[in-house]
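File shown: input.txt. Contents: compact mmCIF, C-alpha atoms.
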```txt
# COMPACT_ATOMS: atom_id res chain seq x y z
CA SER J 94 95.80 65.26 99.17
CA MET J 95 96.30 68.22 101.48
CA LYS J 96 92.92 69.68 100.46
CA ALA J 97 91.10 66.42 101.27
CA TYR J 98 92.89 66.25 104.61
CA GLY J 99 91.84 69.82 105.41
CA GLU J 100 88.23 69.09 104.50
CA ARG J 101 88.19 66.35 107.16
CA ASP J 102 89.11 68.93 109.80
CA ALA J 103 86.56 69.09 112.62
CA ARG J 104 85.57 72.69 111.81
CA SER J 105 85.02 71.87 108.13
CA VAL J 106 82.94 68.82 109.03
CA GLN J 107 80.91 70.92 111.47
CA SER J 108 80.10 73.42 108.70
CA ALA J 109 79.12 70.64 106.31
CA ASP J 110 76.86 69.06 108.96
CA GLY J 111 74.81 72.24 109.39
CA ILE J 112 76.07 73.21 112.84
CA ILE J 113 76.49 76.89 113.65
CA GLY J 114 79.80 77.37 115.46
CA MET J 115 81.33 80.22 117.42
CA SER J 116 83.17 81.62 114.39
CA ASP J 117 79.86 81.91 112.48
CA LEU J 118 78.34 84.28 115.04
CA GLY J 119 78.10 87.89 113.87
CA PHE J 120 79.32 87.17 110.33
CA CYS J 121 76.46 86.62 107.86
CA ARG J 122 72.98 85.56 108.97
CA GLN J 123 72.06 84.19 105.56
CA LYS J 124 75.13 81.94 105.46
CA ALA J 125 74.36 80.75 108.98
CA LEU J 126 70.81 79.99 107.82
CA LEU J 127 72.03 77.97 104.84
CA MET J 128 74.33 76.00 107.14
CA LEU J 129 71.48 75.46 109.62
CA ARG J 130 69.35 74.07 106.80
CA GLY J 131 72.18 71.76 105.77
CA ILE J 132 72.47 73.31 102.29
CA PRO J 133 75.63 71.89 100.65
CA GLN J 134 78.43 74.19 99.53
CA SER J 135 77.95 75.35 95.95
CA ASP J 136 81.36 76.85 95.24
CA PRO J 137 84.94 75.55 95.47
CA ASP J 138 86.39 76.42 98.84
CA ASN J 139 89.99 77.58 98.88
CA ILE J 140 91.06 76.27 102.25
CA THR J 141 94.75 77.19 102.01
CA ALA J 142 94.39 80.11 104.44
CA ALA J 143 92.44 77.91 106.85
CA GLN J 144 95.11 75.20 106.67
CA ILE J 145 97.84 77.76 107.42
CA GLY J 146 95.73 78.98 110.34
CA THR J 147 95.34 75.43 111.64
CA ALA J 148 99.10 74.87 111.43
CA ILE J 149 99.74 78.08 113.38
CA HIS J 150 97.16 77.06 115.98
CA ASP J 151 98.83 73.67 116.38
CA TYR J 152 102.21 75.35 116.88
CA TYR J 153 100.86 77.74 119.52
CA ARG J 154 99.01 74.92 121.28
CA LYS J 155 102.21 72.91 121.56
CA ALA J 156 104.09 75.98 122.78
CA MET J 157 101.50 76.71 125.47
CA ASP J 158 101.42 73.06 126.59
CA ASP J 159 105.20 73.11 126.92
CA MET J 160 105.59 76.49 128.63
CA PHE J 161 102.34 76.76 130.62
CA PRO J 162 101.04 73.25 131.33
CA ASP J 163 98.38 74.57 133.75
CA TRP J 164 96.72 76.56 130.98
CA ILE J 165 94.06 74.91 128.79
CA ALA J 166 95.23 75.20 125.19
CA ASP J 167 92.81 74.17 122.43
CA LYS J 168 91.63 70.99 124.15
CA LYS J 169 88.38 71.69 126.03
CA LYS J 170 85.17 71.28 124.03
CA LEU J 171 82.46 73.53 125.43
CA VAL J 172 78.87 74.50 124.67
CA CYS J 173 77.62 78.07 125.06
CA ARG J 174 73.96 78.20 126.13
CA PHE J 175 72.26 81.49 125.27
CA PRO J 176 69.18 82.92 127.06
CA SER J 177 66.84 81.56 124.37
CA GLY J 178 68.18 78.07 125.03
CA TYR J 179 70.11 77.89 121.75
CA GLU J 180 73.44 76.11 122.14
CA VAL J 181 76.60 76.81 120.15
CA PRO J 182 79.59 74.43 120.45
CA GLY J 183 83.20 75.48 120.36
CA THR J 184 86.72 74.84 121.62
CA PRO J 185 88.52 77.91 123.02
CA ASP J 186 92.09 78.35 121.82
CA LEU J 187 93.35 79.23 125.29
CA ILE J 188 91.80 79.35 128.75
CA VAL J 189 94.04 80.97 131.39
CA PRO J 190 92.53 80.34 134.85
CA GLU J 191 95.42 82.21 136.47
CA TYR J 192 94.29 85.46 134.81
CA ASN J 193 90.61 84.51 134.49
CA ALA J 194 90.93 85.01 130.74
CA ILE J 195 90.09 83.59 127.32
CA VAL J 196 92.42 84.12 124.35
CA ASP J 197 91.35 83.45 120.77
CA TRP J 198 94.24 83.06 118.32
CA LYS J 199 93.70 84.47 114.83
CA SER J 200 95.88 84.13 111.74
CA VAL J 201 95.16 87.08 109.44
CA ASP J 202 96.54 88.61 106.26
CA GLY J 203 97.83 91.78 107.91
CA THR J 204 96.79 93.52 111.14
CA GLN J 205 96.53 97.17 110.07
CA LYS J 206 92.71 97.27 109.97
CA ILE J 207 92.50 95.63 113.39
CA ARG J 208 95.05 98.06 114.84
CA ARG J 209 93.11 100.97 113.35
CA TYR J 210 89.49 99.97 113.99
CA GLY J 211 89.58 97.11 116.50
CA VAL J 212 88.13 93.63 116.17
CA SER J 213 85.15 92.82 113.96
CA VAL J 214 81.70 92.05 115.32
CA SER J 215 82.22 88.39 114.48
CA GLN J 216 85.56 88.24 116.33
CA ARG J 217 84.04 89.97 119.35
CA TYR J 218 81.03 87.62 119.40
CA GLN J 219 83.28 84.57 119.06
CA ARG J 220 85.59 85.37 121.95
CA PHE J 221 82.59 86.31 124.13
CA GLY J 222 80.92 82.99 123.29
CA TYR J 223 83.99 81.10 124.43
CA ALA J 224 84.12 83.06 127.67
CA HIS J 225 80.39 82.60 128.31
CA ALA J 226 80.73 78.85 127.76
CA ALA J 227 83.77 78.70 130.07
CA VAL J 228 81.83 80.50 132.83
CA GLN J 229 78.94 78.06 132.42
CA ALA J 230 81.41 75.16 132.61
CA GLY J 231 82.99 76.52 135.80
CA LEU J 232 86.37 77.18 134.16
CA LEU J 233 86.28 80.95 134.73
CA ASP J 234 85.25 82.74 137.91
CA PRO J 235 82.32 85.18 137.37
CA THR J 236 82.96 86.83 140.76
CA ARG J 237 86.26 88.24 139.43
CA PRO J 238 86.91 90.37 136.31
CA ILE J 239 87.04 88.14 133.22
CA TRP J 240 89.16 89.14 130.23
CA VAL J 241 88.50 88.19 126.61
CA ALA J 242 91.30 88.65 124.12
CA ASN J 243 92.48 88.09 120.56
CA TYR J 244 96.07 87.35 119.57
CA PHE J 245 96.55 88.15 115.88
CA ILE J 246 99.37 86.59 113.87
CA ASP J 247 100.09 87.91 110.37
CA ARG J 248 100.30 84.75 108.27
CA SER J 249 101.85 86.73 105.39
CA ALA J 250 104.80 87.53 107.73
CA ARG J 251 104.88 91.12 106.49
CA GLU J 252 104.39 92.20 110.09
CA LYS J 253 106.82 90.48 112.41
CA GLU J 254 105.14 91.33 115.71
CA PRO J 255 101.78 89.76 116.65
CA TYR J 256 99.01 92.08 117.82
CA PHE J 257 97.18 91.53 121.11
CA THR J 258 93.85 93.15 122.00
CA PHE J 259 91.50 92.54 124.92
CA GLU J 260 88.48 93.82 126.82
CA GLN J 261 86.58 92.92 129.95
CA TYR J 262 83.85 90.30 129.59
CA ASP J 263 80.40 91.85 129.39
CA GLU J 264 77.64 89.37 130.20
CA SER J 265 74.97 91.60 128.63
CA LEU J 266 76.44 90.80 125.20
CA ALA J 267 74.71 87.41 125.46
CA ILE J 268 71.38 89.11 124.71
CA GLU J 269 72.76 90.87 121.61
CA ILE J 270 74.22 87.65 120.23
CA ASP J 271 71.05 85.75 121.09
CA GLU J 272 69.04 88.25 119.01
CA TRP J 273 71.39 87.63 116.08
CA ILE J 274 70.85 83.88 116.43
CA SER J 275 67.09 84.41 116.76
CA ASP J 276 67.07 86.25 113.41
CA VAL J 277 68.53 83.10 111.84
CA THR J 278 66.30 80.59 113.61
CA TYR J 279 63.16 82.69 112.95
CA ALA J 280 63.96 82.78 109.22
CA ALA J 281 64.44 79.01 109.30
CA LYS J 282 61.05 78.45 110.96
CA GLN J 283 59.27 80.83 108.58
CA ASN J 284 61.06 79.40 105.53
CA GLU J 285 62.34 82.88 104.69
CA ASP J 286 65.72 84.34 103.83
CA ALA J 287 67.79 85.94 106.56
CA SER J 288 69.80 89.14 106.21
CA ARG J 289 72.70 88.98 103.74
CA ASP J 290 75.20 90.88 105.86
CA ILE J 291 78.21 90.76 103.51
CA PRO J 292 78.40 92.69 100.19
CA SER J 293 78.02 90.53 97.11
CA PRO J 294 81.54 91.22 95.67
CA VAL J 295 83.09 90.13 98.95
CA CYS J 296 80.84 87.05 99.10
CA ALA J 297 81.95 86.04 95.62
CA MET J 298 85.55 85.91 96.83
CA ILE J 299 85.17 84.23 100.20
CA CYS J 300 81.91 82.32 100.52
CA SER J 301 81.49 78.64 99.66
CA HIS J 302 77.71 79.19 99.47
CA PHE J 303 77.82 82.18 97.12
CA THR J 304 76.05 80.61 94.12
CA VAL J 305 73.31 78.91 96.10
CA CYS J 306 72.80 82.13 98.09
CA ARG J 307 72.99 84.82 95.41
CA GLY J 308 72.97 82.95 92.10
CA GLY J 309 69.25 83.52 91.53
CA LEU J 310 69.23 87.16 92.61
CA GLU J 311 69.02 90.10 90.24
CA VAL J 312 72.42 91.18 88.96
CA HIS J 313 73.22 94.86 89.41
CA ASP J 314 75.52 97.04 87.32
CA GLY J 315 78.32 97.04 89.87
CA GLN J 316 76.97 100.11 91.71
CA GLU J 317 75.68 98.16 94.69
CA VAL J 318 75.35 100.24 97.84
CA ILE J 319 78.04 99.13 100.28
CA ASP J 320 76.86 99.33 103.87
CA ASP J 321 78.89 96.54 105.47
CA LEU J 322 80.99 98.20 108.18
CA GLU J 323 84.00 95.91 107.78
CA THR J 324 84.18 96.59 104.02
CA ILE J 325 83.77 100.34 104.59
CA LYS J 326 86.71 100.23 107.00
CA TYR J 327 88.91 98.61 104.34
CA ILE J 328 87.80 101.23 101.77
CA ASP J 329 88.61 104.07 104.17
CA MET J 330 91.95 102.49 105.04
CA ALA J 331 92.88 102.08 101.36
CA SER J 332 91.98 105.69 100.62
CA ASP J 333 93.90 106.98 103.64
CA GLY J 334 96.84 104.74 102.75
CA LYS J 335 97.11 106.34 99.31
CA GLU J 336 97.09 109.80 100.87
CA TYR J 337 99.69 108.79 103.45
CA LYS J 338 101.89 107.44 100.66
CA LYS J 339 101.69 110.75 98.79
CA LEU J 340 102.50 112.64 101.98
CA GLY J 341 105.31 110.23 102.79
CA ASP J 342 106.87 110.71 99.36
CA LEU J 343 106.72 114.51 99.75
CA MET J 344 108.29 114.31 103.23
CA TYR J 345 111.05 112.01 102.02
CA GLU J 346 111.95 114.07 98.94
CA GLU J 347 112.09 117.30 100.94
CA ALA J 348 114.29 115.74 103.61
CA ARG J 349 116.50 114.00 101.03
CA ALA J 350 117.25 117.30 99.32
CA ALA J 351 118.22 118.87 102.66
CA LEU J 352 120.50 115.93 103.60
CA VAL J 353 122.62 115.77 100.45
CA GLY J 354 126.23 115.00 101.42
CA ILE J 355 125.45 114.52 105.11
CA ASN J 356 126.86 111.37 106.74
CA GLY J 357 126.91 110.65 110.47
CA VAL J 358 124.94 109.46 113.47
CA THR J 359 122.28 110.84 115.80
CA ASP J 360 121.03 109.37 119.07
CA THR J 361 118.74 107.07 117.07
CA TYR J 362 119.90 106.85 113.43
CA GLN J 363 122.90 106.35 111.21
CA VAL J 364 122.80 108.55 108.10
CA ARG J 365 124.90 107.79 105.03
CA TRP J 366 124.93 108.12 101.27
CA VAL J 367 125.59 104.92 99.36
CA GLU J 368 126.61 104.66 95.71
CA VAL J 369 124.47 102.19 93.76
CA GLY J 370 124.73 100.96 90.18
CA SER J 371 127.36 101.67 87.56
CA LYS J 372 126.24 105.27 86.96
CA GLY J 373 127.19 106.44 90.42
CA THR J 374 123.65 107.05 91.61
CA MET J 375 123.60 108.00 95.29
CA ARG J 376 121.00 106.60 97.69
CA LEU J 377 120.15 108.04 101.08
CA ASP J 378 120.36 105.27 103.69
CA ILE J 379 118.93 105.90 107.18
CA VAL J 380 118.98 102.97 109.61
CA PRO J 381 118.41 102.65 113.37
```

Could you write out this structure as structure tokens?
Amino acid sequence: SMKAYGERDARSVQSADGIIGMSDLGFCRQKALLMLRGIPQSDPDNITAAQIGTAIHDYYRKAMDDMFPDWIADKKKLVCRFPSGYEVPGTPDLIVPEYNAIVDWKSVDGTQKIRRYGVSVSQRYQRFGYAHAAVQAGLLDPTRPIWVANYFIDRSAREKEPYFTFEQYDESLAIEIDEWISDVTYAAKQNEDASRDIPSPVCAMICSHFTVCRGGLEVHDGQEVIDDLETIKYIDMASDGKEYKKLGDLMYEEARAALVGINGVTDTYQVRWVEVGSKGTMRLDIVP
């Protein structure tokens, strides 16, 4: 079946084998700890989104190979060695020696949060890890500016244009990421829990280790304090979106009343009233 095929994917096997990968960095330290200990998944894993992402990655890899054969598209396995000596494996989506750059492709369900707030900590750590590994492998030149980027594709296709974001490589980030890893490895050595960095309601929806991680914890009344920055961003965006919708409706209705009977063109728009339905209802139609 398609699900069984997806579960044999290299990234899925890596997770099952207890190997922390680039995409695990900066996400949830407790999940990384469970993976490091080789704790099996306790919850069904809906891998449909991951399979769509893999298909998109394959398409982009083929496109890059065809159009830019000198670029290294999703084919170079690297290992990022952090100051503590901990090693994290990974395969960068795209290495562009010509521009001294790393590009990490991401398929997401909408790009509005990223456009508004920028990339998540996990996404930033991941693309840095790829760049750090490429420098160590001699594939990027540390004497020149190095660029790390994300190329976001909306897999829902609601947004037609991809979104590209980048920043200059900052080698000092290796220490910050190494501290995050050290939190996980220290908890493993001490046989303790690590920090649960994702709110429980979100974990319940997305984490394949939810039951084994939180199943024995005290259940709250739904008033859990939410301090995860990524979740707070979504809450703020949802609240603002509702206000924008109210404002948008007010703007539209005011303008509609002022444009009754007006048909014509401006430098940028065509304005017309169109009859719809059998009752002669008129609709304002404004198109570029």

message: Can you pull out the residues contacting stretch 320-327 of chain J? Cut-off 12 Å, using only C-alpha atoms, and skip same-chain residues under 6 positions away; I want them as a list in words.
response: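 Neighbouring residues, sequence-local ones excluded: Gly119, Phe120, Cys121, Gly203, Thr204, Gln205, Lys206, Ile207, Arg208, Arg209, Tyr210, Gly211, Val212, Ser213, Val214, Ser215, Gln216, Ser288, Arg289, Asp290, Ile291, Pro292, Ser293, Pro294, Val295, Cys296, Asp333 and Gly334 of chain J.
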
statement: Using only C-alpha atoms, the shortest atom-to-atom distance to J:Ile239 among J:Pro137, J:Pro381, J:Pro255, J:Pro190 belongs to J:Pro190

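Closest approach to J:Ser275 among J:Gly231, J:Asp186, J:Thr141, J:Glu180: J:Glu180, based on all atoms listed in the file.
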
Residue nearest J:Arg307 among J:Glu269, J:Lys170, J:Arg237, J:Asp286 (counting all atoms listed in the file): J:Asp286

query: By how many Å are atom CA of J:Gln283 and atom CA of J:Ala125 apart?
result: 15.1 Å

- prompt: What lies within 7 Å of J:Pro182 using all atoms listed in the file, ignoring chain neighbours under 2 positions off, as a list in words?
  reply: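 Near J:Pro182, the qualifying residues are Gly114, Met115, Leu171, Val172, Cys173 and Glu180 of chain J.
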
query: Of the residues J:Leu187, J:Ile328, J:Leu377, J:Ile140, which is the one nearest to J:Lys155, using only C-alpha atoms?
result: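 Selected residue with least distance to J:Lys155: J:Leu187.
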
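We find atom CA of J:Val358 and atom CA of J:Asp378 to be spaced 11.6 Å apart.
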
statement: As a check of understanding: the span from atom CA of J:Glu264 to atom CA of J:His225 is 7.5 Å

9 Å contact set for stretch 352-356 of chain J, only C-alpha atoms, chain neighbours under 5 positions out, as an NGL selection string: :J and (347 or 363-366 or 377)

message: At a cut-off of 12 Å, using only C-alpha atoms, what residues contact stretch 159-167 of chain J? Leave out same-chain residues fewer than 5 positions from it and give the result as a PyMOL selection string.
response: chain J and resi 147+150-154+183-198+223+227+232-233

So for stretch 163-173 of chain J, what box centre and size do we get, axis-aligned, 3 Å extra on each of the six sides, every listed atom, Å to one decimal, as JSON?
```
{"center_x": 88.0, "center_y": 74.5, "center_z": 128.1, "size_x": 26.8, "size_y": 13.1, "size_z": 17.3}
```

message: When you count all atoms listed in the file, which of these residues is closest to J:Thr278: J:Ser265, J:Ser177, J:Ser116, J:Gln134?
response: J:Ser177

message: List as a list in words the protein and nucleic acid residues near J:Ala287, meaning an atom at most 8 Å away when only C-alpha atoms are counted, but skip any in the same chain fewer than 6 places from it.
response: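 Near neighbours after the sequence-gap exclusion: Arg122, Gln123, Leu126, Asp276, Val277 and Ala280 of chain J.
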
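Among J:Phe175, J:Pro133, J:Tyr244, J:Gln219, the residue with the shortest atom-to-atom distance to J:Ile149, counting only C-alpha atoms, is J:Tyr244.
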